[in-house]
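For reference, model-v6.cif (mmCIF, C-alpha atoms):
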data_final
#
loop_
_atom_site.group_PDB
_atom_site.id
_atom_site.type_symbol
_atom_site.label_atom_id
_atom_site.label_comp_id
_atom_site.auth_asym_id
_atom_site.auth_seq_id
_atom_site.Cartn_x
_atom_site.Cartn_y
_atom_site.Cartn_z
ATOM 1 C CA MET K 1 -59.021 62.997 -97.497
ATOM 2 C CA GLU K 2 -58.975 64.851 -100.816
ATOM 3 C CA ASP K 3 -59.221 68.236 -99.089
ATOM 4 C CA LYS K 4 -56.417 67.343 -96.694
ATOM 5 C CA PHE K 5 -54.254 66.237 -99.578
ATOM 6 C CA LEU K 6 -54.832 69.472 -101.514
ATOM 7 C CA ALA K 7 -54.196 71.508 -98.353
ATOM 8 C CA ALA K 8 -50.887 69.672 -97.953
ATOM 9 C CA TYR K 9 -50.122 70.414 -101.601
ATOM 10 C CA ASP K 10 -50.728 74.131 -101.070
ATOM 11 C CA LYS K 11 -48.490 74.044 -98.003
ATOM 12 C CA TYR K 12 -45.540 71.995 -99.252
ATOM 13 C CA SER K 13 -45.432 72.132 -103.052
ATOM 14 C CA LYS K 14 -43.224 75.219 -103.294
ATOM 15 C CA ASN K 15 -40.711 73.795 -100.812
ATOM 16 C CA ILE K 16 -40.619 70.422 -102.535
ATOM 17 C CA LEU K 17 -40.076 72.036 -105.932
ATOM 18 C CA ARG K 18 -37.322 74.265 -104.573
ATOM 19 C CA HIS K 19 -35.665 71.356 -102.781
ATOM 20 C CA ILE K 20 -35.631 69.206 -105.924
ATOM 21 C CA TYR K 21 -34.356 72.125 -107.988
ATOM 22 C CA PHE K 22 -31.444 72.617 -105.590
ATOM 23 C CA ARG K 23 -30.573 68.970 -106.022
ATOM 24 C CA VAL K 24 -30.964 68.466 -109.764
ATOM 25 C CA SER K 25 -30.066 71.986 -111.021
ATOM 26 C CA ASP K 26 -32.552 71.769 -113.898
ATOM 27 C CA GLU K 27 -35.891 73.600 -113.688
ATOM 28 C CA LYS K 28 -37.733 71.310 -116.128
ATOM 29 C CA VAL K 29 -36.510 68.140 -114.430
ATOM 30 C CA ALA K 30 -37.366 69.596 -111.022
ATOM 31 C CA GLU K 31 -40.918 70.346 -112.187
ATOM 32 C CA ASP K 32 -41.367 66.849 -113.644
ATOM 33 C CA LEU K 33 -40.108 65.228 -110.464
ATOM 34 C CA THR K 34 -42.309 67.471 -108.313
ATOM 35 C CA ALA K 35 -45.369 66.376 -110.277
ATOM 36 C CA GLU K 36 -44.277 62.763 -109.817
ATOM 37 C CA VAL K 37 -43.916 63.281 -106.039
ATOM 38 C CA PHE K 38 -47.476 64.466 -105.584
ATOM 39 C CA LEU K 39 -49.026 61.975 -108.006
ATOM 40 C CA LYS K 40 -47.268 59.112 -106.225
ATOM 41 C CA ALA K 41 -48.322 60.507 -102.850
ATOM 42 C CA TRP K 42 -51.974 60.767 -103.936
ATOM 43 C CA ARG K 43 -52.042 57.249 -105.386
ATOM 44 C CA TYR K 44 -50.535 55.882 -102.179
ATOM 45 C CA ILE K 45 -53.123 57.432 -99.880
ATOM 46 C CA ALA K 46 -55.973 56.812 -102.340
ATOM 47 C CA ASN K 47 -55.180 53.120 -101.927
ATOM 48 C CA GLY K 48 -56.108 53.460 -98.286
ATOM 49 C CA GLU K 49 -52.560 53.548 -96.923
ATOM 50 C CA GLU K 50 -51.956 55.566 -93.788
ATOM 51 C CA VAL K 51 -49.383 58.356 -93.617
ATOM 52 C CA LEU K 52 -48.385 59.608 -90.166
ATOM 53 C CA ASN K 53 -46.166 62.500 -91.185
ATOM 54 C CA PHE K 54 -47.134 63.835 -94.587
ATOM 55 C CA LYS K 55 -44.256 66.295 -94.846
ATOM 56 C CA ALA K 56 -41.597 63.652 -94.212
ATOM 57 C CA PHE K 57 -43.474 61.317 -96.571
ATOM 58 C CA LEU K 58 -43.294 63.828 -99.431
ATOM 59 C CA TYR K 59 -39.589 64.471 -98.888
ATOM 60 C CA ARG K 60 -38.917 60.746 -98.768
ATOM 61 C CA ILE K 61 -40.629 60.270 -102.131
ATOM 62 C CA ALA K 62 -38.687 63.259 -103.511
ATOM 63 C CA ASN K 63 -35.405 61.864 -102.196
ATOM 64 C CA ASN K 64 -36.049 58.479 -103.787
ATOM 65 C CA LEU K 65 -37.061 60.023 -107.116
ATOM 66 C CA ILE K 66 -33.890 62.143 -107.187
ATOM 67 C CA ILE K 67 -31.769 59.054 -106.549
ATOM 68 C CA ASP K 68 -33.647 57.200 -109.316
ATOM 69 C CA PHE K 69 -33.142 60.172 -111.629
ATOM 70 C CA TYR K 70 -29.367 60.042 -111.219
ATOM 71 C CA ARG K 71 -29.356 56.269 -111.387
ATOM 72 C CA THR K 72 -31.203 56.331 -114.728
ATOM 73 C CA ARG K 73 -28.733 58.818 -116.112
ATOM 74 C CA LYS K 74 -25.844 56.487 -115.392
ATOM 75 C CA GLU K 75 -27.577 53.124 -115.588
ATOM 76 C CA ASN K 76 -24.555 50.942 -115.143
ATOM 77 C CA LEU K 77 -23.246 52.617 -112.050
ATOM 78 C CA SER K 78 -24.266 51.664 -108.517
ATOM 79 C CA LEU K 79 -25.356 54.436 -106.190
ATOM 80 C CA GLU K 80 -22.029 54.329 -104.317
ATOM 81 C CA ALA K 81 -20.205 54.589 -107.617
ATOM 82 C CA LEU K 82 -22.396 57.540 -108.591
ATOM 83 C CA GLU K 83 -21.391 59.350 -105.441
ATOM 84 C CA GLU K 84 -17.742 58.403 -105.871
ATOM 85 C CA ASP K 85 -18.028 59.641 -109.400
ATOM 86 C CA ASN K 86 -19.238 62.924 -107.874
ATOM 87 C CA GLU K 87 -22.034 63.031 -110.416
ATOM 88 C CA ILE K 88 -24.604 64.008 -107.823
ATOM 89 C CA ALA K 89 -22.187 66.322 -106.033
ATOM 90 C CA ILE K 90 -21.384 68.180 -109.256
ATOM 91 C CA GLU K 91 -25.025 68.613 -110.226
ATOM 92 C CA GLU K 92 -26.051 69.815 -106.792
ATOM 93 C CA LYS K 93 -23.207 72.302 -106.698
ATOM 94 C CA ASN K 94 -24.358 73.874 -109.992
ATOM 95 C CA VAL K 95 -27.352 75.639 -108.452
ATOM 96 C CA PHE K 96 -25.293 77.047 -105.613
ATOM 97 C CA GLN K 97 -22.617 78.083 -108.089
ATOM 98 C CA SER K 98 -25.183 80.102 -110.015
ATOM 99 C CA ILE K 99 -26.193 82.150 -106.953
ATOM 100 C CA CYS K 100 -22.721 82.163 -105.433
ATOM 101 C CA ASP K 101 -21.890 85.649 -106.690
ATOM 102 C CA GLU K 102 -24.814 87.142 -104.814
ATOM 103 C CA ASP K 103 -24.709 85.007 -101.733
ATOM 104 C CA LEU K 104 -21.604 83.990 -99.772
ATOM 105 C CA THR K 105 -23.528 81.320 -97.917
ATOM 106 C CA ALA K 106 -24.425 79.622 -101.214
ATOM 107 C CA CYS K 107 -20.707 79.612 -102.071
ATOM 108 C CA ALA K 108 -19.935 78.011 -98.735
ATOM 109 C CA LEU K 109 -22.703 75.390 -99.106
ATOM 110 C CA LYS K 110 -21.213 74.427 -102.453
ATOM 111 C CA GLU K 111 -17.994 73.440 -100.663
ATOM 112 C CA LEU K 112 -19.656 70.982 -98.264
ATOM 113 C CA ASP K 113 -19.843 67.268 -99.007
ATOM 114 C CA THR K 114 -23.116 66.070 -100.540
ATOM 115 C CA GLU K 115 -24.578 64.401 -97.483
ATOM 116 C CA THR K 116 -23.883 67.324 -95.131
ATOM 117 C CA ARG K 117 -25.207 69.846 -97.628
ATOM 118 C CA GLN K 118 -28.426 67.853 -98.130
ATOM 119 C CA ILE K 119 -29.049 67.541 -94.411
ATOM 120 C CA ILE K 120 -28.330 71.233 -93.782
ATOM 121 C CA MET K 121 -30.781 72.036 -96.590
ATOM 122 C CA PHE K 122 -33.417 69.732 -95.110
ATOM 123 C CA ARG K 123 -32.995 71.392 -91.739
ATOM 124 C CA TYR K 124 -32.722 75.073 -92.550
ATOM 125 C CA ILE K 125 -34.240 75.554 -95.999
ATOM 126 C CA ASP K 126 -36.963 72.901 -95.905
ATOM 127 C CA ASP K 127 -37.586 73.289 -92.135
ATOM 128 C CA LEU K 128 -37.677 69.580 -91.425
ATOM 129 C CA SER K 129 -37.114 68.565 -87.820
ATOM 130 C CA VAL K 130 -34.239 66.245 -86.945
ATOM 131 C CA LYS K 131 -36.758 63.406 -86.496
ATOM 132 C CA GLU K 132 -38.267 64.080 -89.937
ATOM 133 C CA ILE K 133 -34.826 64.155 -91.569
ATOM 134 C CA SER K 134 -34.106 60.847 -89.874
ATOM 135 C CA GLU K 135 -37.294 59.392 -91.456
ATOM 136 C CA VAL K 136 -36.354 60.691 -94.888
ATOM 137 C CA THR K 137 -32.709 59.597 -94.857
ATOM 138 C CA ASN K 138 -32.959 56.473 -92.682
ATOM 139 C CA LYS K 139 -30.219 57.766 -90.410
ATOM 140 C CA THR K 140 -30.524 57.989 -86.638
ATOM 141 C CA THR K 141 -31.450 61.321 -85.026
ATOM 142 C CA ASN K 142 -28.078 61.356 -83.225
ATOM 143 C CA ASN K 143 -26.286 60.936 -86.514
ATOM 144 C CA ILE K 144 -28.312 63.772 -88.075
ATOM 145 C CA SER K 145 -27.592 66.103 -85.137
ATOM 146 C CA VAL K 146 -23.871 65.422 -85.377
ATOM 147 C CA ILE K 147 -23.869 66.040 -89.144
ATOM 148 C CA ILE K 148 -25.723 69.349 -88.696
ATOM 149 C CA HIS K 149 -23.363 70.501 -85.940
ATOM 150 C CA ARG K 150 -20.259 69.602 -87.966
ATOM 151 C CA GLY K 151 -21.787 71.121 -91.094
ATOM 152 C CA LEU K 152 -22.374 74.490 -89.431
ATOM 153 C CA LYS K 153 -18.837 74.458 -88.014
ATOM 154 C CA LYS K 154 -17.430 73.740 -91.470
ATOM 155 C CA LEU K 155 -19.547 76.524 -93.013
ATOM 156 C CA LYS K 156 -18.185 78.981 -90.439
ATOM 157 C CA GLU K 157 -14.612 78.027 -91.349
ATOM 158 C CA ILE K 158 -15.306 78.313 -95.085
ATOM 159 C CA ILE K 159 -16.984 81.722 -94.760
ATOM 160 C CA ASN K 160 -14.167 83.021 -92.523
ATOM 161 C CA ASN K 161 -11.632 81.961 -95.154
ATOM 162 C CA PHE K 162 -13.382 83.869 -97.994
ATOM 163 C CA MET L 1 -23.849 79.704 -80.760
ATOM 164 C CA PHE L 2 -24.503 83.275 -81.828
ATOM 165 C CA GLU L 3 -22.349 82.738 -84.913
ATOM 166 C CA ASN L 4 -24.312 79.573 -85.676
ATOM 167 C CA PHE L 5 -27.469 81.629 -85.521
ATOM 168 C CA LYS L 6 -26.082 84.129 -88.051
ATOM 169 C CA ILE L 7 -25.127 81.352 -90.463
ATOM 170 C CA VAL L 8 -28.488 79.639 -90.110
ATOM 171 C CA ARG L 9 -30.228 82.935 -90.842
ATOM 172 C CA LYS L 10 -28.201 83.291 -94.043
ATOM 173 C CA ILE L 11 -28.973 79.724 -95.105
ATOM 174 C CA LYS L 12 -32.674 80.343 -94.554
ATOM 175 C CA LYS L 13 -32.498 83.263 -97.023
ATOM 176 C CA LEU L 14 -32.028 80.668 -99.757
ATOM 177 C CA LYS L 15 -35.752 79.982 -99.355
ATOM 178 C CA ASN L 16 -36.209 83.139 -101.411
ATOM 179 C CA VAL L 17 -34.997 81.393 -104.567
ATOM 180 C CA PRO L 18 -38.112 81.776 -106.749
ATOM 181 C CA VAL L 19 -40.117 78.936 -108.298
ATOM 182 C CA ARG L 20 -42.642 79.046 -111.147
ATOM 183 C CA ASN L 21 -46.087 79.681 -109.665
ATOM 184 C CA GLU L 22 -47.803 78.960 -113.009
ATOM 185 C CA PHE L 23 -46.377 75.449 -112.905
ATOM 186 C CA LEU L 24 -47.601 74.920 -109.325
ATOM 187 C CA MET L 25 -51.093 76.111 -110.276
ATOM 188 C CA SER L 26 -51.294 73.860 -113.306
ATOM 189 C CA LEU L 27 -50.044 70.900 -111.257
ATOM 190 C CA ARG L 28 -52.780 71.582 -108.722
ATOM 191 C CA HIS L 29 -55.418 71.379 -111.495
ATOM 192 C CA ARG L 30 -53.883 68.133 -112.684
ATOM 193 C CA LEU L 31 -54.047 66.699 -109.172
ATOM 194 C CA GLU L 32 -57.682 67.775 -108.811
ATOM 195 C CA ASN L 33 -58.488 65.850 -112.009
ATOM 196 C CA GLU L 34 -56.565 62.850 -110.739
ATOM 197 C CA ILE L 35 -58.549 62.983 -107.485
ATOM 198 C CA ARG L 36 -61.834 63.218 -109.408
ATOM 199 C CA TYR L 37 -60.838 60.265 -111.578
ATOM 200 C CA SER L 38 -59.878 58.214 -108.494
ATOM 201 C CA SER L 39 -63.273 58.936 -106.908
ATOM 202 C CA PHE L 40 -65.048 57.871 -110.100
ATOM 203 C CA VAL L 41 -63.049 54.646 -110.332
ATOM 204 C CA SER L 42 -63.568 53.768 -106.677
ATOM 205 C CA GLU L 43 -67.328 54.359 -107.029
ATOM 206 C CA ALA L 44 -67.382 52.186 -110.132
ATOM 207 C CA LYS L 45 -65.433 49.551 -108.182
ATOM 208 C CA TYR L 46 -68.339 49.335 -105.756
ATOM 209 C CA PHE L 47 -70.493 47.969 -108.493
ATOM 210 C CA VAL L 48 -67.759 45.643 -109.644
ATOM 211 C CA PHE L 49 -67.326 44.157 -106.177
ATOM 212 C CA SER L 50 -71.035 43.831 -105.469
ATOM 213 C CA PRO L 51 -73.000 40.669 -106.270
ATOM 214 C CA PHE L 52 -73.781 42.360 -109.617
ATOM 215 C CA LYS L 53 -70.133 42.040 -110.574
ATOM 216 C CA TYR L 54 -70.417 43.139 -114.167
ATOM 217 C CA ALA L 55 -73.263 45.584 -113.602
ATOM 218 C CA PHE L 56 -71.262 48.666 -114.497
ATOM 219 C CA THR L 57 -69.914 47.229 -117.755
ATOM 220 C CA PHE L 58 -73.326 45.824 -118.620
ATOM 221 C CA ALA L 59 -74.922 49.196 -117.896
ATOM 222 C CA ILE L 60 -72.588 50.981 -120.317
ATOM 223 C CA ILE L 61 -73.353 48.390 -123.000
ATOM 224 C CA ILE L 62 -77.102 48.919 -122.436
ATOM 225 C CA LEU L 63 -76.529 52.653 -122.808
ATOM 226 C CA PHE L 64 -74.855 52.225 -126.171
ATOM 227 C CA VAL L 65 -77.377 49.677 -127.430
ATOM 228 C CA PHE L 66 -80.570 51.376 -126.301
ATOM 229 C CA GLY L 67 -79.288 54.954 -126.276
ATOM 230 C CA THR L 68 -81.008 57.557 -124.161
ATOM 231 C CA SER L 69 -84.117 55.429 -123.689
ATOM 232 C CA SER L 70 -82.003 53.440 -121.216
ATOM 233 C CA PHE L 71 -82.141 56.554 -119.027
ATOM 234 C CA VAL L 72 -85.902 56.011 -118.768
ATOM 235 C CA PHE L 73 -85.434 52.396 -117.671
ATOM 236 C CA ALA L 74 -82.808 53.480 -115.138
ATOM 237 C CA ALA L 75 -84.940 56.186 -113.497
ATOM 238 C CA GLU L 76 -86.451 53.921 -110.800
ATOM 239 C CA SER L 77 -83.341 51.817 -110.195
ATOM 240 C CA LEU L 78 -81.725 51.536 -106.767
ATOM 241 C CA PRO L 79 -78.086 51.093 -105.666
ATOM 242 C CA GLY L 80 -77.037 47.555 -106.530
ATOM 243 C CA ASP L 81 -79.349 47.397 -109.573
ATOM 244 C CA THR L 82 -77.808 46.827 -112.985
ATOM 245 C CA LEU L 83 -78.990 50.152 -114.412
ATOM 246 C CA TYR L 84 -78.166 52.285 -111.344
ATOM 247 C CA PRO L 85 -74.811 53.470 -112.771
ATOM 248 C CA ILE L 86 -76.701 54.832 -115.785
ATOM 249 C CA LYS L 87 -78.974 56.810 -113.469
ATOM 250 C CA LEU L 88 -75.925 58.364 -111.772
ATOM 251 C CA LEU L 89 -74.205 58.992 -115.076
ATOM 252 C CA LYS L 90 -77.278 60.832 -116.373
ATOM 253 C CA GLU L 91 -77.314 63.014 -113.228
ATOM 254 C CA ASP L 92 -73.593 63.800 -113.579
ATOM 255 C CA VAL L 93 -74.054 64.814 -117.206
ATOM 256 C CA GLN L 94 -77.075 66.977 -116.335
ATOM 257 C CA ASP L 95 -75.158 68.623 -113.479
ATOM 258 C CA SER L 96 -72.199 69.443 -115.689
ATOM 259 C CA LEU L 97 -74.512 71.092 -118.243
ATOM 260 C CA ILE L 98 -76.122 73.452 -115.711
ATOM 261 C CA MET L 99 -74.284 76.782 -115.708
ATOM 262 C CA ASN L 100 -76.588 78.880 -113.561
ATOM 263 C CA SER L 101 -75.581 78.485 -109.888
ATOM 264 C CA GLU L 102 -79.124 78.757 -108.498
ATOM 265 C CA ASN L 103 -80.329 75.988 -110.822
ATOM 266 C CA LYS L 104 -77.255 73.927 -109.942
ATOM 267 C CA ILE L 105 -78.083 74.205 -106.230
ATOM 268 C CA VAL L 106 -81.702 73.177 -106.864
ATOM 269 C CA PHE L 107 -80.548 70.228 -108.956
ATOM 270 C CA ASN L 108 -78.148 69.002 -106.272
ATOM 271 C CA GLU L 109 -80.815 69.438 -103.598
ATOM 272 C CA ARG L 110 -83.008 67.178 -105.736
ATOM 273 C CA ARG L 111 -80.160 64.664 -105.931
ATOM 274 C CA ILE L 112 -79.907 64.683 -102.143
ATOM 275 C CA ASN L 113 -83.661 64.017 -101.885
ATOM 276 C CA ASP L 114 -83.367 61.206 -104.440
ATOM 277 C CA ARG L 115 -80.575 59.572 -102.434
ATOM 278 C CA PHE L 116 -82.680 59.799 -99.243
ATOM 279 C CA ARG L 117 -85.640 58.244 -101.077
ATOM 280 C CA GLU L 118 -83.410 55.427 -102.297
ATOM 281 C CA MET L 119 -82.186 54.927 -98.738
ATOM 282 C CA GLU L 120 -85.760 54.611 -97.475
ATOM 283 C CA LYS L 121 -86.646 52.106 -100.191
ATOM 284 C CA LEU L 122 -83.573 50.015 -99.431
ATOM 285 C CA LEU L 123 -84.294 50.080 -95.702
ATOM 286 C CA GLY L 124 -87.856 49.048 -96.524
ATOM 287 C CA LYS L 125 -86.429 46.044 -98.365
ATOM 288 C CA GLY L 126 -84.296 45.153 -95.364
ATOM 289 C CA LYS L 127 -80.996 46.180 -96.981
ATOM 290 C CA ASP L 128 -78.297 47.925 -94.957
ATOM 291 C CA GLY L 129 -74.520 48.062 -94.495
ATOM 292 C CA GLU L 130 -72.151 49.143 -97.236
ATOM 293 C CA ILE L 131 -74.843 50.383 -99.636
ATOM 294 C CA LEU L 132 -76.208 52.828 -97.057
ATOM 295 C CA ILE L 133 -72.731 54.061 -96.104
ATOM 296 C CA TRP L 134 -72.043 54.665 -99.787
ATOM 297 C CA LEU L 135 -75.335 56.594 -100.141
ATOM 298 C CA GLU L 136 -74.506 58.761 -97.122
ATOM 299 C CA LYS L 137 -71.110 59.564 -98.599
ATOM 300 C CA ASN L 138 -72.760 60.709 -101.818
ATOM 301 C CA ILE L 139 -75.301 62.826 -99.954
ATOM 302 C CA GLU L 140 -72.409 64.537 -98.180
ATOM 303 C CA LYS L 141 -70.737 65.087 -101.529
ATOM 304 C CA TYR L 142 -73.816 66.904 -102.902
ATOM 305 C CA PHE L 143 -74.070 69.033 -99.749
ATOM 306 C CA ASP L 144 -70.409 70.028 -100.160
ATOM 307 C CA LYS L 145 -71.070 70.891 -103.777
ATOM 308 C CA ILE L 146 -73.956 73.185 -102.768
ATOM 309 C CA LEU L 147 -71.801 74.881 -100.127
ATOM 310 C CA GLU L 148 -69.031 75.360 -102.673
ATOM 311 C CA ILE L 149 -71.427 77.024 -105.130
ATOM 312 C CA GLU L 150 -72.882 79.263 -102.417
ATOM 313 C CA PHE L 151 -69.392 80.226 -101.241
ATOM 314 C CA LYS L 152 -68.321 81.107 -104.791
ATOM 315 C CA ASP L 153 -71.408 83.283 -105.196
ATOM 316 C CA ILE L 154 -70.669 85.109 -101.936
ATOM 317 C CA GLU L 155 -67.077 85.718 -103.051
ATOM 318 C CA LYS L 156 -68.284 86.991 -106.405
ATOM 319 C CA ASP L 157 -70.757 89.369 -104.724
ATOM 320 C CA LEU L 158 -68.070 90.638 -102.349
ATOM 321 C CA SER L 159 -65.612 91.344 -105.134
ATOM 322 C CA THR L 160 -68.344 93.097 -107.162
ATOM 323 C CA ASP L 161 -69.149 95.279 -104.138
ATOM 324 C CA LEU L 162 -65.467 96.152 -103.690
ATOM 325 C CA THR L 163 -64.949 97.090 -107.324
ATOM 326 C CA SER L 164 -68.024 99.276 -107.362
ATOM 327 C CA ILE L 165 -66.715 101.388 -104.451
#
Entire entry expressed as structure tokens:
Amino acid sequence: MEDKFLAAYDKYSKNILRHIYFRVSDEKVAEDLTAEVFLKAWRYIANGEEVLNFKAFLYRIANNLIIDFYRTRKENLSLEALEEDNEIAIEEKNVFQSICDEDLTACALKELDTETRQIIMFRYIDDLSVKEISEVTNKTTNNISVIIHRGLKKLKEIINNF
Amino acid sequence: MFENFKIVRKIKKLKNVPVRNEFLMSLRHRLENEIRYSSFVSEAKYFVFSPFKYAFTFAIIILFVFGTSSFVFAAESLPGDTLYPIKLLKEDVQDSLIMNSENKIVFNERRINDRFREMEKLLGKGKDGEILIWLEKNIEKYFDKILEIEFKDIEKDLSTDLTSI
């Protein structure tokens, strides 16, 4: 069990760290949250709990920790209010803004809405399958597929307009 | 579809955004310590959940009160006995103090033999079940440790050979 866990760490840690960094735009915070992801994951399986898909499990923990991170920063706001407030959207855009000059695609990703950008990232940067994204986000696979398709179409339009 | 493919390829390039490898290495060490601690706690729990519920705590108290002479009393103890945790603790301390890999292998081989002897004694007393499963797990652990040491030695020899070319 321990060896499998460490093997999973070696396989996924870089991706998890990068994913969190893209979403919180702060290297130190991303590193702290990454550590939290793997410590939580270890404690969960050390308690004898079963995990069917370890990759999706890690991303789910990461997703929840990121939401908690933003929630703590604005304690009195509900999650919907946070998103309406564009707090998360602004923070996530910061990373893409910083690499926008070098990469047109990063500029285009910055222009997408938060949910579409996150799902596109899950699919093409983190290499999660549609089923895994569905497990992480609690959306149906059909919904995810539609979001990805629309997201790519929107990216094409944005890039063509640059 | 072809255009989609081009866009997806560009998105995938964002995987090249670098991350700090030193952080990932240090986190790995931290996780290894956490795993070791969890194993220690779950082994200690065995003694807490056994009929000798307070055996582990009592054993530590004995160790402080009687000092190293408690190691002598613990030498012949078996799993489930009050002083058995002290026996294991003594072995762990001895193992951690051995630096030479050959001696470390010999020591762990001795531990394996000790565990087998304990198994035989317990079977002779008509005991079975959880205690024996726990003993087998520990025997496996010592075998893995020996393999790890041997593997490290082979790696060291290989790298010495390569640098001497």
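If you take all atoms listed in the file and a cut-off of 8 Å, the residues of chain K that reach chain L are Glu2, Leu6, Tyr9, Ser13, Lys14, Leu17, Arg18, Glu31, Ala35, Phe38, Leu39, Trp42, Ala46, Thr105, Ala106, Tyr124, Ile125, Asp126, Leu152, Lys153, Leu155 and Lys156 of chain K.
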As a check of understanding, name the residues that the PyMOL selection byres ((chain K and resi 139-148) around 12) selects in the supplied structure, as a PyMOL selection string.
(chain K and resi 112-124+128-138+149-155) or (chain L and resi 4+8)
Next, write the just-selected residues to a file, as a PDB file, in the coordinates of the input, keeping C-alpha atoms as the atom set.
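Final output, selection.pdb:
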ATOM      1  CA  LEU K 112     -19.656  70.982 -98.264  1.00  0.00           C
ATOM      2  CA  ASP K 113     -19.843  67.268 -99.007  1.00  0.00           C
ATOM      3  CA  THR K 114     -23.116  66.070-100.540  1.00  0.00           C
ATOM      4  CA  GLU K 115     -24.578  64.401 -97.483  1.00  0.00           C
ATOM      5  CA  THR K 116     -23.883  67.324 -95.131  1.00  0.00           C
ATOM      6  CA  ARG K 117     -25.207  69.846 -97.628  1.00  0.00           C
ATOM      7  CA  GLN K 118     -28.426  67.853 -98.130  1.00  0.00           C
ATOM      8  CA  ILE K 119     -29.049  67.541 -94.411  1.00  0.00           C
ATOM      9  CA  ILE K 120     -28.330  71.233 -93.782  1.00  0.00           C
ATOM     10  CA  MET K 121     -30.781  72.036 -96.590  1.00  0.00           C
ATOM     11  CA  PHE K 122     -33.417  69.732 -95.110  1.00  0.00           C
ATOM     12  CA  ARG K 123     -32.995  71.392 -91.739  1.00  0.00           C
ATOM     13  CA  TYR K 124     -32.722  75.073 -92.550  1.00  0.00           C
ATOM     14  CA  LEU K 128     -37.677  69.580 -91.425  1.00  0.00           C
ATOM     15  CA  SER K 129     -37.114  68.565 -87.820  1.00  0.00           C
ATOM     16  CA  VAL K 130     -34.239  66.245 -86.945  1.00  0.00           C
ATOM     17  CA  LYS K 131     -36.758  63.406 -86.496  1.00  0.00           C
ATOM     18  CA  GLU K 132     -38.267  64.080 -89.937  1.00  0.00           C
ATOM     19  CA  ILE K 133     -34.826  64.155 -91.569  1.00  0.00           C
ATOM     20  CA  SER K 134     -34.106  60.847 -89.874  1.00  0.00           C
ATOM     21  CA  GLU K 135     -37.294  59.392 -91.456  1.00  0.00           C
ATOM     22  CA  VAL K 136     -36.354  60.691 -94.888  1.00  0.00           C
ATOM     23  CA  THR K 137     -32.709  59.597 -94.857  1.00  0.00           C
ATOM     24  CA  ASN K 138     -32.959  56.473 -92.682  1.00  0.00           C
ATOM     25  CA  HIS K 149     -23.363  70.501 -85.940  1.00  0.00           C
ATOM     26  CA  ARG K 150     -20.259  69.602 -87.966  1.00  0.00           C
ATOM     27  CA  GLY K 151     -21.787  71.121 -91.094  1.00  0.00           C
ATOM     28  CA  LEU K 152     -22.374  74.490 -89.431  1.00  0.00           C
ATOM     29  CA  LYS K 153     -18.837  74.458 -88.014  1.00  0.00           C
ATOM     30  CA  LYS K 154     -17.430  73.740 -91.470  1.00  0.00           C
ATOM     31  CA  LEU K 155     -19.547  76.524 -93.013  1.00  0.00           C
TER      32      LEU K 155
ATOM     33  CA  ASN L   4     -24.312  79.573 -85.676  1.00  0.00           C
ATOM     34  CA  VAL L   8     -28.488  79.639 -90.110  1.00  0.00           C
TER      35      VAL L   8
END
Identify, on the basis of only C-alpha atoms, every residue whose closest approach to range 93-95 of chain L does not exceed 10 Å; exclude the query and any residue fewer than 5 positions from it along the same chain; express the result as a PDB file with C-alpha atoms, in the frame of the given file.
ATOM      1  CA  LEU L  88     -75.925  58.364-111.772  1.00  0.00           C
ATOM      2  CA  ASN L 103     -80.329  75.988-110.822  1.00  0.00           C
ATOM      3  CA  LYS L 104     -77.255  73.927-109.942  1.00  0.00           C
ATOM      4  CA  ILE L 105     -78.083  74.205-106.230  1.00  0.00           C
ATOM      5  CA  PHE L 107     -80.548  70.228-108.956  1.00  0.00           C
ATOM      6  CA  ASN L 108     -78.148  69.002-106.272  1.00  0.00           C
ATOM      7  CA  ARG L 111     -80.160  64.664-105.931  1.00  0.00           C
TER       8      ARG L 111
END
Å distance separating CA of Val106 in chain L from CA of Asp144 in chain L, one decimal place:
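Computing it gives 13.5 Å between the two atoms.
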Determine, counting all atoms listed in the file, which protein, DNA and RNA residues have an atom within 9 Å of an atom of Ala62 in chain K; residues of the same chain fewer than 2 positions away are not included. Present the result as a list in words.
Ile16, His19, Ile20, Leu33, Thr34, Glu36, Val37, Phe57, Leu58, Tyr59, Arg60, Asn64, Leu65, Ile66 and Ile67 of chain K
Figure out the distance between CA of Arg110 in chain L and CA of Glu76 in chain L, please, to one decimal in Å.
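Taking CA of Glu76 in chain L and CA of Arg110 in chain L, their separation equals 14.6 Å.
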Distance of CA of Phe143 in chain L from CA of Ala74 in chain L, expressed in Å to one decimal place
23.6 Å
